[in-house]
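**Student:** Enclosed is the structure file run.txt (compact mmCIF, C-alpha atoms).
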```txt
# COMPACT_ATOMS: atom_id res chain seq x y z
CA MET E 1 0.00 0.00 0.00
CA ASN E 2 1.06 3.57 -0.35
CA GLN E 3 0.12 6.45 1.90
CA LYS E 4 -0.60 8.81 -0.98
CA GLU E 5 -3.28 6.53 -2.36
CA LEU E 6 -4.81 6.03 1.08
CA ASN E 7 -5.01 9.81 1.47
CA LEU E 8 -6.79 10.06 -1.89
CA ILE E 9 -9.29 7.43 -0.74
CA LEU E 10 -9.92 9.31 2.50
CA ASP E 11 -10.43 12.53 0.51
CA ASP E 12 -13.05 10.71 -1.56
CA VAL E 13 -14.83 9.71 1.64
CA LYS E 14 -15.01 13.38 2.59
CA SER E 15 -16.51 14.38 -0.75
CA PHE E 16 -18.99 11.49 -0.82
CA PRO E 17 -22.61 12.70 -1.27
CA SER E 18 -24.56 13.34 1.90
CA MET E 19 -27.90 11.84 2.90
CA PRO E 20 -30.97 14.07 2.78
CA ALA E 21 -31.46 15.85 6.11
CA ALA E 22 -34.84 14.15 6.43
CA ALA E 23 -33.12 10.76 6.65
CA LEU E 24 -31.22 11.67 9.79
CA LYS E 25 -34.29 13.18 11.42
CA LEU E 26 -36.28 10.04 10.71
CA LEU E 27 -33.49 7.82 12.02
CA SER E 28 -33.63 9.60 15.34
CA LEU E 29 -37.43 9.19 15.42
CA LEU E 30 -36.99 5.47 14.80
CA LYS E 31 -35.26 5.16 18.17
CA ASP E 32 -37.81 7.28 19.95
CA GLU E 33 -40.53 5.08 21.40
CA ASN E 34 -42.75 8.11 21.95
CA ALA E 35 -42.57 9.41 18.39
CA ALA E 36 -45.96 10.14 16.92
CA THR E 37 -47.36 9.72 13.44
CA GLY E 38 -47.63 13.49 13.23
CA GLN E 39 -43.88 13.94 13.69
CA VAL E 40 -43.12 11.56 10.83
CA GLU E 41 -45.61 13.36 8.62
CA GLN E 42 -44.07 16.68 9.47
CA VAL E 43 -40.59 15.61 8.41
CA LEU E 44 -41.93 14.30 5.11
CA ARG E 45 -44.06 17.34 4.36
CA TYR E 46 -40.97 19.11 3.05
CA GLU E 47 -39.77 16.19 0.94
CA PRO E 48 -42.20 15.83 -1.99
CA GLY E 49 -39.70 13.77 -4.00
CA LEU E 50 -39.47 11.22 -1.23
CA THR E 51 -43.22 11.03 -0.83
CA ALA E 52 -43.71 9.82 -4.41
CA ASN E 53 -41.15 7.07 -3.87
CA ILE E 54 -42.67 6.07 -0.56
CA LEU E 55 -46.07 5.59 -2.13
CA LYS E 56 -44.57 3.58 -4.99
CA MET E 57 -42.79 1.25 -2.56
CA THR E 58 -45.74 0.99 -0.21
CA ASN E 59 -47.92 -0.11 -3.10
CA SER E 60 -45.42 -2.73 -4.30
CA ALA E 61 -46.31 -6.39 -4.15
CA TYR E 62 -43.77 -6.79 -1.33
CA PHE E 63 -46.13 -5.34 1.27
CA GLY E 64 -49.17 -7.03 -0.20
CA LEU E 65 -51.58 -4.33 0.95
CA PRO E 66 -55.21 -4.92 -0.04
CA THR E 67 -55.81 -1.37 -1.26
CA LYS E 68 -53.81 1.25 -3.12
CA ILE E 69 -52.28 3.82 -0.78
CA GLY E 70 -52.54 7.46 -1.80
CA SER E 71 -51.16 9.36 1.16
CA ILE E 72 -48.41 9.19 3.74
CA ARG E 73 -50.99 9.18 6.54
CA GLN E 74 -52.70 6.14 5.03
CA ALA E 75 -49.33 4.39 4.63
CA ILE E 76 -48.50 5.01 8.29
CA LEU E 77 -51.88 3.68 9.38
CA LEU E 78 -51.50 0.46 7.40
CA LEU E 79 -47.79 -0.25 7.87
CA GLY E 80 -46.97 1.51 11.11
CA TRP E 81 -44.59 4.44 11.30
CA LYS E 82 -41.50 2.35 11.96
CA LYS E 83 -41.96 0.44 8.73
CA LEU E 84 -42.69 3.68 6.94
CA ILE E 85 -39.47 5.25 8.17
CA GLN E 86 -37.59 2.22 6.86
CA ILE E 87 -39.23 2.74 3.49
CA VAL E 88 -38.18 6.38 3.43
CA LEU E 89 -34.61 5.49 4.30
CA THR E 90 -34.60 2.77 1.65
CA SER E 91 -35.66 5.31 -0.90
CA CYS E 92 -32.90 7.73 0.21
CA VAL E 93 -30.30 4.98 -0.05
CA SER E 94 -31.47 3.93 -3.51
CA ALA E 95 -30.79 7.40 -4.88
CA ILE E 96 -27.16 7.06 -3.77
CA ILE E 97 -26.26 3.48 -4.58
CA ASP E 98 -28.24 2.77 -7.75
CA LYS E 99 -25.11 3.32 -9.86
CA PRO E 100 -22.54 1.08 -11.50
CA VAL E 101 -19.57 0.19 -9.29
CA GLN E 102 -16.32 -0.28 -11.17
CA GLY E 103 -13.60 -2.58 -9.89
CA TYR E 104 -16.17 -4.92 -8.38
CA ASP E 105 -17.77 -5.05 -11.87
CA LEU E 106 -21.28 -4.28 -10.66
CA PRO E 107 -23.51 -2.87 -13.41
CA ALA E 108 -25.94 -0.06 -12.52
CA GLY E 109 -28.56 -1.33 -10.09
CA ASP E 110 -26.63 -4.40 -8.92
CA LEU E 111 -25.35 -2.90 -5.66
CA TRP E 112 -28.87 -1.64 -5.03
CA ARG E 113 -30.38 -5.07 -5.62
CA HIS E 114 -27.73 -6.67 -3.42
CA SER E 115 -28.36 -4.16 -0.64
CA VAL E 116 -32.13 -4.65 -0.72
CA ALA E 117 -31.65 -8.43 -0.76
CA VAL E 118 -29.35 -8.29 2.29
CA SER E 119 -31.86 -6.09 4.10
CA VAL E 120 -34.74 -8.46 3.26
CA ALA E 121 -32.65 -11.53 4.18
CA THR E 122 -31.73 -9.83 7.46
CA GLU E 123 -35.38 -9.21 8.22
CA THR E 124 -36.29 -12.78 7.31
CA LEU E 125 -33.51 -14.21 9.51
CA VAL E 126 -34.51 -11.96 12.43
CA LYS E 127 -38.07 -13.27 12.25
CA LEU E 128 -37.12 -16.91 11.73
CA LEU E 129 -34.53 -16.99 14.52
CA LYS E 130 -36.61 -14.66 16.74
CA LEU E 131 -33.64 -12.35 17.25
CA SER E 132 -33.77 -9.14 19.15
CA VAL E 133 -32.16 -6.34 17.12
CA PRO E 134 -32.61 -2.56 16.89
CA ASP E 135 -34.75 -1.26 14.02
CA GLU E 136 -31.79 0.50 12.37
CA VAL E 137 -30.34 -2.89 11.45
CA PHE E 138 -32.37 -2.98 8.24
CA THR E 139 -31.09 0.39 7.11
CA ALA E 140 -27.55 -0.57 8.09
CA ALA E 141 -27.98 -3.71 5.97
CA LEU E 142 -28.94 -1.51 3.03
CA LEU E 143 -25.75 0.50 3.46
CA HIS E 144 -23.30 -2.27 4.35
CA ASP E 145 -21.38 -2.11 1.07
CA ILE E 146 -21.51 1.63 0.48
CA GLY E 147 -17.71 1.76 0.88
CA LYS E 148 -17.41 -0.08 -2.42
CA MET E 149 -18.65 3.06 -4.16
CA VAL E 150 -15.55 4.90 -3.00
CA LEU E 151 -13.04 2.06 -3.26
CA GLY E 152 -14.27 0.83 -6.67
CA ARG E 153 -12.10 2.98 -8.88
CA TYR E 154 -8.99 2.14 -6.90
CA VAL E 155 -9.84 -1.56 -7.13
CA GLU E 156 -10.33 -1.11 -10.88
CA ALA E 157 -6.80 0.30 -11.25
CA ASP E 158 -5.18 -2.58 -9.34
CA ILE E 159 -7.56 -5.37 -10.20
CA LEU E 160 -5.12 -7.74 -11.87
CA GLN E 161 -2.80 -7.72 -8.88
CA MET E 162 -5.79 -8.16 -6.57
CA ASP E 163 -7.05 -11.12 -8.66
CA GLN E 164 -3.58 -12.63 -8.21
CA GLU E 165 -3.60 -12.14 -4.44
CA SER E 166 -7.11 -13.58 -4.25
CA LEU E 167 -5.68 -16.90 -5.46
CA ASN E 168 -4.19 -17.39 -1.97
CA ASP E 169 -7.68 -17.95 -0.56
CA VAL E 170 -7.64 -14.80 1.50
CA SER E 171 -10.85 -12.95 2.12
CA PHE E 172 -11.29 -10.05 -0.30
CA GLU E 173 -11.48 -7.36 2.39
CA GLN E 174 -8.00 -8.51 3.44
CA VAL E 175 -6.80 -8.18 -0.13
CA GLU E 176 -8.20 -4.63 -0.09
CA ARG E 177 -6.36 -3.87 3.13
CA SER E 178 -3.04 -5.19 1.91
CA MET E 179 -3.48 -3.15 -1.26
CA PHE E 180 -4.83 0.15 0.11
CA GLY E 181 -4.41 0.00 3.89
CA ILE E 182 -8.20 0.14 4.24
CA ASP E 183 -11.15 -2.01 3.16
CA HIS E 184 -14.65 -1.21 1.88
CA ALA E 185 -16.20 -1.99 5.27
CA GLU E 186 -14.04 0.57 7.09
CA ILE E 187 -14.66 3.13 4.35
CA GLY E 188 -18.40 2.53 4.65
CA ALA E 189 -18.21 3.07 8.41
CA LYS E 190 -16.38 6.36 7.83
CA ILE E 191 -19.10 7.51 5.42
CA LEU E 192 -21.83 6.73 7.97
CA LYS E 193 -19.86 8.52 10.63
CA ARG E 194 -19.68 11.63 8.46
CA TRP E 195 -23.43 11.40 8.06
CA SER E 196 -23.71 11.37 11.90
CA PHE E 197 -25.50 8.01 11.80
CA PRO E 198 -25.94 6.09 15.07
CA PRO E 199 -22.99 4.04 16.40
CA THR E 200 -24.91 0.74 16.05
CA MET E 201 -25.25 1.27 12.31
CA ILE E 202 -21.64 2.33 11.91
CA SER E 203 -20.56 -0.78 13.75
CA ILE E 204 -22.69 -3.10 11.57
CA VAL E 205 -21.22 -1.65 8.39
CA ARG E 206 -17.69 -1.67 9.85
CA TRP E 207 -17.68 -5.35 10.87
CA HIS E 208 -20.04 -6.98 8.37
CA HIS E 209 -17.26 -9.18 6.98
CA GLU E 210 -15.48 -9.75 10.30
CA PRO E 211 -18.09 -9.97 13.06
CA ASP E 212 -15.55 -11.60 15.37
CA ALA E 213 -13.24 -8.60 15.16
CA ALA E 214 -15.91 -6.25 16.55
CA PRO E 215 -15.12 -4.88 20.04
CA LYS E 216 -17.83 -7.18 21.38
CA PRO E 217 -20.11 -9.77 19.76
CA ASN E 218 -23.30 -8.21 18.48
CA THR E 219 -26.39 -9.95 17.12
CA ALA E 220 -27.09 -7.13 14.66
CA ILE E 221 -23.62 -7.49 13.10
CA ASP E 222 -23.85 -11.29 13.06
CA VAL E 223 -27.19 -11.34 11.26
CA VAL E 224 -26.19 -8.84 8.57
CA HIS E 225 -22.97 -10.82 8.10
CA ALA E 226 -24.90 -14.05 7.52
CA ALA E 227 -27.46 -12.33 5.26
CA ASP E 228 -24.64 -10.86 3.16
CA VAL E 229 -22.96 -14.23 2.64
CA LEU E 230 -26.30 -15.74 1.72
CA CYS E 231 -27.07 -13.07 -0.91
CA LEU E 232 -23.58 -13.33 -2.41
CA MET E 233 -24.06 -17.08 -2.71
CA ALA E 234 -27.42 -16.55 -4.38
CA GLY E 235 -25.66 -14.36 -6.94
CA ILE E 236 -27.57 -11.19 -6.08
CA GLY E 237 -25.13 -8.38 -6.70
CA THR E 238 -22.18 -10.76 -6.59
CA GLY E 239 -19.24 -8.92 -8.08
CA ARG E 240 -15.91 -9.78 -9.62
CA GLU E 241 -14.53 -11.03 -6.30
CA GLY E 242 -17.33 -13.61 -6.22
CA LEU E 243 -17.57 -15.58 -2.97
CA GLN E 244 -14.09 -14.55 -1.83
CA TYR E 245 -15.31 -13.94 1.71
CA GLN E 246 -15.21 -16.05 4.84
CA PRO E 247 -18.40 -16.73 6.79
CA SER E 248 -17.83 -16.70 10.55
CA GLU E 249 -18.65 -20.00 12.24
CA ALA E 250 -18.73 -18.21 15.58
CA ALA E 251 -21.37 -15.77 14.31
CA SER E 252 -23.51 -18.65 13.03
CA THR E 253 -23.24 -20.35 16.41
CA ARG E 254 -24.17 -17.16 18.25
CA LEU E 255 -27.23 -16.78 16.03
CA GLY E 256 -28.21 -20.44 16.35
CA LEU E 257 -28.16 -20.61 12.56
CA THR E 258 -28.45 -23.95 10.76
CA GLN E 259 -28.22 -25.03 7.15
CA LYS E 260 -31.99 -25.43 7.12
CA HIS E 261 -32.52 -21.82 8.24
CA ILE E 262 -30.25 -20.60 5.49
CA GLU E 263 -32.13 -22.51 2.83
CA ILE E 264 -35.56 -21.45 4.11
CA VAL E 265 -34.52 -17.81 4.08
CA ALA E 266 -32.96 -18.15 0.63
CA SER E 267 -36.17 -19.66 -0.76
CA GLN E 268 -38.32 -16.91 0.74
CA MET E 269 -36.35 -13.77 0.19
CA LEU E 270 -35.66 -13.92 -3.54
CA GLN E 271 -39.07 -12.79 -4.72
CA TRP E 272 -39.54 -10.25 -1.91
CA ALA E 273 -36.17 -8.67 -2.58
CA SER E 274 -36.73 -8.34 -6.31
CA GLU E 275 -40.20 -6.86 -5.85
CA LEU E 276 -38.94 -4.33 -3.34
CA ALA E 277 -35.86 -3.40 -5.38
CA ALA E 278 -37.95 -2.97 -8.55
CA SER E 279 -40.60 -0.84 -6.86
CA VAL E 280 -38.14 1.97 -6.28
CA GLN E 281 -36.11 1.47 -9.41
CA SER E 282 -38.85 1.52 -12.00
CA GLY E 283 -39.19 4.99 -13.38
CA SER E 284 -36.89 6.52 -10.81
CA MET F 1 -32.66 -13.46 -29.77
CA ASN F 2 -30.99 -12.93 -26.41
CA HIS F 3 -32.60 -14.35 -23.30
CA VAL F 4 -31.45 -13.58 -19.78
CA VAL F 5 -32.07 -16.19 -17.12
CA LEU F 6 -32.40 -14.78 -13.60
CA VAL F 7 -31.84 -16.65 -10.32
CA GLY F 8 -34.50 -19.36 -10.00
CA ASP F 9 -35.43 -19.29 -13.66
CA MET F 10 -35.17 -21.38 -16.82
CA LYS F 11 -35.32 -20.51 -20.51
CA THR F 12 -35.27 -22.64 -23.61
CA GLY F 13 -34.72 -21.67 -27.21
CA CYS F 14 -33.55 -22.81 -30.60
CA LYS F 15 -31.07 -22.02 -33.36
CA GLY F 16 -30.35 -18.30 -33.45
CA ASP F 17 -30.94 -17.78 -29.73
CA MET F 18 -28.38 -16.89 -27.11
CA ILE F 19 -29.12 -17.58 -23.44
CA VAL F 20 -27.17 -15.71 -20.79
CA THR F 21 -27.14 -16.04 -17.03
CA HIS F 22 -25.14 -13.76 -14.76
CA ALA F 23 -23.36 -14.19 -11.44
CA LEU F 24 -23.63 -17.88 -10.66
CA GLY F 25 -22.34 -18.15 -7.09
CA SER F 26 -23.54 -21.22 -5.22
CA CYS F 27 -26.37 -21.64 -7.71
CA LEU F 28 -26.32 -24.34 -10.35
CA GLY F 29 -26.24 -23.34 -13.99
CA LEU F 30 -27.27 -26.29 -16.15
CA MET F 31 -26.98 -26.11 -19.93
CA VAL F 32 -28.65 -28.83 -21.99
CA TYR F 33 -28.44 -28.98 -25.78
CA ASP F 34 -29.64 -31.30 -28.53
CA PRO F 35 -27.41 -30.71 -31.58
CA GLY F 36 -29.81 -32.69 -33.76
CA ALA F 37 -32.93 -30.68 -33.02
CA ARG F 38 -30.85 -27.59 -32.27
CA VAL F 39 -32.80 -26.77 -29.18
CA GLY F 40 -31.46 -26.14 -25.73
CA GLY F 41 -32.18 -24.67 -22.35
CA LEU F 42 -30.51 -23.15 -19.35
CA LEU F 43 -31.57 -23.54 -15.72
CA HIS F 44 -30.33 -21.29 -12.92
CA ALA F 45 -31.37 -23.05 -9.69
CA MET F 46 -30.57 -21.69 -6.26
CA LEU F 47 -31.21 -24.52 -3.79
CA PRO F 48 -30.80 -28.31 -3.85
CA LEU F 49 -34.10 -29.72 -2.59
CA SER F 50 -37.66 -28.45 -2.90
CA LYS F 51 -38.75 -30.02 0.38
CA ILE F 52 -37.37 -26.97 2.19
CA ASN F 53 -40.25 -24.90 0.77
CA PRO F 54 -42.78 -27.05 -1.17
CA GLN F 55 -45.13 -24.12 -1.68
CA LYS F 56 -42.39 -22.12 -3.39
CA ALA F 57 -41.50 -25.13 -5.53
CA GLU F 58 -45.11 -25.30 -6.64
CA GLU F 59 -44.99 -21.64 -7.72
CA ASN F 60 -41.51 -21.81 -9.18
CA PRO F 61 -39.89 -25.22 -9.76
CA TYR F 62 -36.75 -23.54 -11.17
CA MET F 63 -35.66 -22.37 -7.75
CA PHE F 64 -34.64 -25.93 -6.84
CA VAL F 65 -32.36 -28.46 -8.51
CA ASP F 66 -34.61 -31.46 -7.82
CA THR F 67 -37.64 -29.86 -9.48
CA GLY F 68 -35.91 -27.60 -12.03
CA VAL F 69 -33.73 -30.20 -13.73
CA PRO F 70 -36.56 -32.64 -14.62
CA ASP F 71 -38.66 -29.68 -15.80
CA LEU F 72 -35.86 -28.48 -18.09
CA PHE F 73 -35.52 -31.93 -19.67
CA LYS F 74 -39.30 -32.29 -20.11
CA THR F 75 -39.55 -28.90 -21.77
CA LEU F 76 -36.78 -29.83 -24.18
CA TYR F 77 -38.40 -33.17 -25.04
CA ASP F 78 -41.57 -31.23 -25.88
CA LEU F 79 -39.47 -29.11 -28.24
CA GLY F 80 -38.31 -32.23 -30.09
CA ALA F 81 -35.09 -33.00 -28.26
CA GLN F 82 -34.02 -36.62 -27.83
CA LYS F 83 -32.33 -38.02 -24.76
CA SER F 84 -29.68 -39.92 -26.72
CA ARG F 85 -28.40 -36.71 -28.31
CA MET F 86 -28.47 -34.46 -25.22
CA VAL F 87 -25.25 -32.67 -24.32
CA VAL F 88 -25.29 -31.61 -20.66
CA LYS F 89 -22.92 -29.11 -19.05
CA ALA F 90 -22.85 -27.65 -15.54
CA ALA F 91 -21.44 -24.46 -14.04
CA GLY F 92 -21.51 -22.66 -10.71
CA CYS F 93 -21.99 -24.50 -7.39
CA GLY F 94 -19.35 -22.34 -5.73
CA GLN F 95 -18.88 -21.65 -2.06
CA PRO F 96 -17.38 -18.99 0.16
CA LEU F 97 -13.97 -19.40 1.80
CA GLY F 98 -13.54 -21.70 4.75
CA ASN F 99 -15.24 -25.00 5.06
CA SER F 100 -18.45 -24.11 6.79
CA GLU F 101 -20.92 -27.00 6.46
CA MET F 102 -23.70 -24.50 6.74
CA PHE F 103 -22.75 -22.57 3.64
CA LYS F 104 -22.19 -25.60 1.40
CA ILE F 105 -25.28 -24.98 -0.72
CA GLY F 106 -23.15 -25.11 -3.87
CA GLU F 107 -21.77 -28.54 -3.07
CA ARG F 108 -25.24 -29.82 -2.23
CA ASN F 109 -26.64 -28.42 -5.47
CA TYR F 110 -23.95 -30.33 -7.36
CA THR F 111 -24.58 -33.57 -5.44
CA VAL F 112 -28.32 -33.48 -6.11
CA LEU F 113 -27.67 -32.82 -9.81
CA LYS F 114 -25.24 -35.75 -10.07
CA LYS F 115 -27.72 -38.07 -8.38
CA LEU F 116 -30.51 -37.03 -10.73
CA LEU F 117 -28.36 -37.48 -13.82
CA TRP F 118 -27.00 -40.80 -12.61
CA LYS F 119 -30.48 -42.18 -11.97
CA ASN F 120 -31.45 -41.23 -15.50
CA ASN F 121 -28.28 -42.51 -17.17
CA ILE F 122 -27.18 -39.10 -18.32
CA LEU F 123 -23.54 -38.03 -18.28
CA LEU F 124 -22.12 -34.57 -17.72
CA GLU F 125 -20.16 -33.62 -20.83
CA ALA F 126 -18.30 -30.78 -19.12
CA GLU F 127 -18.35 -28.80 -15.91
CA ASP F 128 -16.87 -25.71 -14.33
CA VAL F 129 -17.95 -25.92 -10.71
CA GLY F 130 -16.82 -25.08 -7.19
CA GLY F 131 -14.42 -22.49 -5.82
CA THR F 132 -15.21 -18.90 -4.96
CA ALA F 133 -15.67 -17.65 -8.54
CA SER F 134 -18.74 -15.81 -9.76
CA ARG F 135 -19.51 -17.10 -13.25
CA THR F 136 -21.49 -15.71 -16.16
CA VAL F 137 -22.62 -18.21 -18.81
CA TYR F 138 -23.22 -17.53 -22.51
CA PHE F 139 -25.04 -20.40 -24.20
CA ASP F 140 -25.24 -20.22 -28.01
CA LEU F 141 -28.12 -22.33 -29.26
CA SER F 142 -26.99 -22.25 -32.88
CA THR F 143 -23.91 -24.30 -32.02
CA GLY F 144 -24.40 -25.48 -28.44
CA GLN F 145 -21.25 -23.61 -27.48
CA VAL F 146 -21.00 -22.67 -23.81
CA VAL F 147 -18.68 -19.83 -22.81
CA ILE F 148 -17.97 -19.04 -19.16
CA SER F 149 -16.82 -15.61 -18.13
CA SER F 150 -15.22 -15.04 -14.74
CA LYS F 151 -12.99 -12.20 -13.51
CA GLY F 152 -12.94 -10.72 -17.01
CA VAL F 153 -11.65 -13.94 -18.59
CA LYS F 154 -13.75 -15.91 -21.06
CA ARG F 155 -13.25 -19.58 -21.84
CA GLU F 156 -15.18 -22.25 -23.64
CA LEU F 157 -16.67 -25.09 -21.61
```
Rewrite the coordinates I just gave you, this time as structure tokens.

**Tutor:**
Amino acid sequence: MNQKELNLILDDVKSFPSMPAAALKLLSLLKDENAATGQVEQVLRYEPGLTANILKMTNSAYFGLPTKIGSIRQAILLLGWKKLIQIVLTSCVSAIIDKPVQGYDLPAGDLWRHSVAVSVATETLVKLLKLSVPDEVFTAALLHDIGKMVLGRYVEADILQMDQESLNDVSFEQVERSMFGIDHAEIGAKILKRWSFPPTMISIVRWHHEPDAAPKPNTAIDVVHAADVLCLMAGIGTGREGLQYQPSEAASTRLGLTQKHIEIVASQMLQWASELAASVQSGS
Amino acid sequence: MNHVVLVGDMKTGCKGDMIVTHALGSCLGLMVYDPGARVGGLLHAMLPLSKINPQKAEENPYMFVDTGVPDLFKTLYDLGAQKSRMVVKAAGCGQPLGNSEMFKIGERNYTVLKKLLWKNNILLEAEDVGGTASRTVYFDLSTGQVVISSKGVKREL
């Protein structure tokens, strides 16, 4: 690695696009047990662009609502405000990551589809294994690979050497570290930190490939880690590095995860994830 | 015409068609071709056995190897293919690093395929399976040629 290149990467982190202010406000409401429907509505009142997307997603087959929803208030009534906030955040994230990612060879929309799939797989695992996790975990799952958007062009420049190093069966985030002194997970965590996102989310993004390296074991990290491996295996947004990642046995044990769970989740999430991903993408 | 096969999907076609499937990780990509009838099909199945979610298998047999493979063969027979002429090739079935039993879906996909083919006296003509690679398959139904692309390198299977 060379220091000059690392500095360039860190500069790119600083100039990375910011999240809409509404996103941060809604994230803080998500943690507030006393938040009221009115507060959520108020934040969205000044975001007409978001509102259109919210209605599109709410009406997607994924939620299977019996009637068409025409207003935010109606959406909150039917889905609950927590779910609605997640939808808003999903829509904010889509605007940022629905782009091609060079280096990892992800065509436009692939990182988005992967992120939605990991979020849906996370949700499915949480329900199946009856895990207790904070609500931000689903948004963190959507953002887990955002660091790839910064690191991509550096990977592109050094890809042949990185392909070579990958032959030694080392996990790709380690190849990134030996190449650049930083990996996409750490870059992602830095981006979320700049956005003033909550520490839990930063930590999930930071350790999603290495849950055992986190300061202390955390169910939210473990479940996103497992969901990510699952979606890579299913080929949803799997990039040039393929399955060059190492699932943590310890994380699986902590979650009580079995092969059967993995297959059940895989069989359920595929359709949900594609419906949800398409509902925001189409016409956006 | 170009057809793209998504995860848990199958497409068949004839001379003049090209079938493509992207990013095979642990999934099985199965390419079957009859050079006599010049028809072929590609299955992209995600999981080994349909018993894990029978309702899903009912809706979409192509999600599973044990329901998708027989369906692919039946569809091709309906298009005039004959068993004696079938050329069968497999790709994908990869797995992440380490040797976690839990994440061996790729290996199990391959095992179920081999069992099915063996029971039906069908041989695999060629395969590119296992490892951590993500593979994209181009299947030319004019010639039966299968090209696998991985890490920017293309090679014929």

**Student:** Output as a PyMOL selection string the set of chain F residues within 6 Å of chain E, with distances taken over all atoms listed in the file.

**Tutor:** chain F and resi 23-26+96-98+102+132-134+151

**Student:** Which residues are close to Thr143 (chain F), i.e. within 9 Å by all atoms listed in the file, leaving aside same-chain residues fewer than 6 positions away? Reply as a short mmCIF file (atom, residue, chain, number, x, y, z; two decimals) with C-alpha atoms, in the frame of the given file.

**Tutor:**
```
data_model
loop_
_atom_site.label_atom_id
_atom_site.label_comp_id
_atom_site.auth_asym_id
_atom_site.auth_seq_id
_atom_site.Cartn_x
_atom_site.Cartn_y
_atom_site.Cartn_z
CA LYS F 15 -31.07 -22.02 -33.36
CA GLY F 16 -30.35 -18.30 -33.45
CA PRO F 35 -27.41 -30.71 -31.58
CA ARG F 38 -30.85 -27.59 -32.27
#
```

**Student:** Restricting the calculation to all atoms listed in the file, which member of F:Thr136, F:Ser100, F:Gln82, F:Asn121 is positioned closest to His44 (chain F)?

**Tutor:**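 Ranked by minimum distance to His44 (chain F), first place goes to F:Thr136.
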
**Student:** What does the distance from CA of Gly41 (chain F) to CA of Lys11 (chain F) come to in Å, to one decimal?

**Tutor:**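 For CA of Gly41 (chain F) relative to CA of Lys11 (chain F), the distance reads 5.5 Å.
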
**Student:** At a cut-off of 12 Å from (-24.0, -29.8, -9.8) in the coordinates of the file, what residues are picked up using all atoms listed in the file, written as a PyMOL selection string?

**Tutor:** chain F and resi 24+26-31+43-48+64-66+69+88-94+105-118+123-124+126-130

**Student:** Which polymer residues, whether protein, DNA or RNA, lie within 8 Å of the coordinate (-29.5, -3.7, 9.8) when you count all atoms listed in the file? List them as a PDB file with C-alpha atoms, keeping the file's coordinate frame, using the chain letters and numbers from the file.

**Tutor:**
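Below is the file that was written, result09.pdb:
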```pdb
ATOM      1  CA  SER E 119     -31.860  -6.090   4.100  1.00  0.00           C
ATOM      2  CA  THR E 122     -31.730  -9.830   7.460  1.00  0.00           C
ATOM      3  CA  PRO E 134     -32.610  -2.560  16.890  1.00  0.00           C
ATOM      4  CA  ASP E 135     -34.750  -1.260  14.020  1.00  0.00           C
ATOM      5  CA  GLU E 136     -31.790   0.500  12.370  1.00  0.00           C
ATOM      6  CA  VAL E 137     -30.340  -2.890  11.450  1.00  0.00           C
ATOM      7  CA  PHE E 138     -32.370  -2.980   8.240  1.00  0.00           C
ATOM      8  CA  THR E 139     -31.090   0.390   7.110  1.00  0.00           C
ATOM      9  CA  ALA E 140     -27.550  -0.570   8.090  1.00  0.00           C
ATOM     10  CA  ALA E 141     -27.980  -3.710   5.970  1.00  0.00           C
ATOM     11  CA  LEU E 142     -28.940  -1.510   3.030  1.00  0.00           C
ATOM     12  CA  MET E 201     -25.250   1.270  12.310  1.00  0.00           C
ATOM     13  CA  ILE E 204     -22.690  -3.100  11.570  1.00  0.00           C
ATOM     14  CA  ALA E 220     -27.090  -7.130  14.660  1.00  0.00           C
ATOM     15  CA  ILE E 221     -23.620  -7.490  13.100  1.00  0.00           C
ATOM     16  CA  VAL E 224     -26.190  -8.840   8.570  1.00  0.00           C
TER      17      VAL E 224
END
```

**Student:** If you count all atoms listed in the file, which residues fall within 9 Å of Leu24 (chain E), apart from same-chain ones fewer than 4 positions away, as number ranges by chain?

**Tutor:** E: 19-20, 28-29, 89, 195-197

**Student:** Mind giving me the straight-line distance from CA of Ser279 (chain E) to CA of Lys31 (chain E) in Å, one decimal?

**Tutor:**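 Computing the Euclidean distance for CA of Ser279 (chain E) and CA of Lys31 (chain E) yields 26.3 Å.
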
**Student:** Taking N, CA and C atoms as the atom set, what does region 67-73 of chain E look like once completed, written as an mmCIF file, keeping the file's coordinate frame?

**Tutor:**
```cif
data_model
loop_
_atom_site.group_PDB
_atom_site.id
_atom_site.type_symbol
_atom_site.label_atom_id
_atom_site.label_comp_id
_atom_site.auth_asym_id
_atom_site.auth_seq_id
_atom_site.Cartn_x
_atom_site.Cartn_y
_atom_site.Cartn_z
ATOM 1 N N THR E 67 -55.346 -2.512 -0.461
ATOM 2 C CA THR E 67 -55.810 -1.370 -1.260
ATOM 3 C C THR E 67 -54.633 -0.487 -1.665
ATOM 4 N N LYS E 68 -54.843 0.312 -2.708
ATOM 5 C CA LYS E 68 -53.810 1.250 -3.120
ATOM 6 C C LYS E 68 -53.729 2.399 -2.120
ATOM 7 N N ILE E 69 -52.502 2.757 -1.760
ATOM 8 C CA ILE E 69 -52.280 3.820 -0.780
ATOM 9 C C ILE E 69 -52.029 5.125 -1.520
ATOM 10 N N GLY E 70 -52.707 6.187 -1.102
ATOM 11 C CA GLY E 70 -52.540 7.460 -1.800
ATOM 12 C C GLY E 70 -51.915 8.550 -0.960
ATOM 13 N N SER E 71 -51.753 8.299 0.334
ATOM 14 C CA SER E 71 -51.160 9.360 1.160
ATOM 15 C C SER E 71 -50.237 8.759 2.218
ATOM 16 N N ILE E 72 -49.351 9.614 2.710
ATOM 17 C CA ILE E 72 -48.410 9.190 3.740
ATOM 18 C C ILE E 72 -49.173 8.741 4.992
ATOM 19 N N ARG E 73 -50.221 9.513 5.337
ATOM 20 C CA ARG E 73 -50.990 9.180 6.540
ATOM 21 C C ARG E 73 -51.570 7.758 6.457
#
```
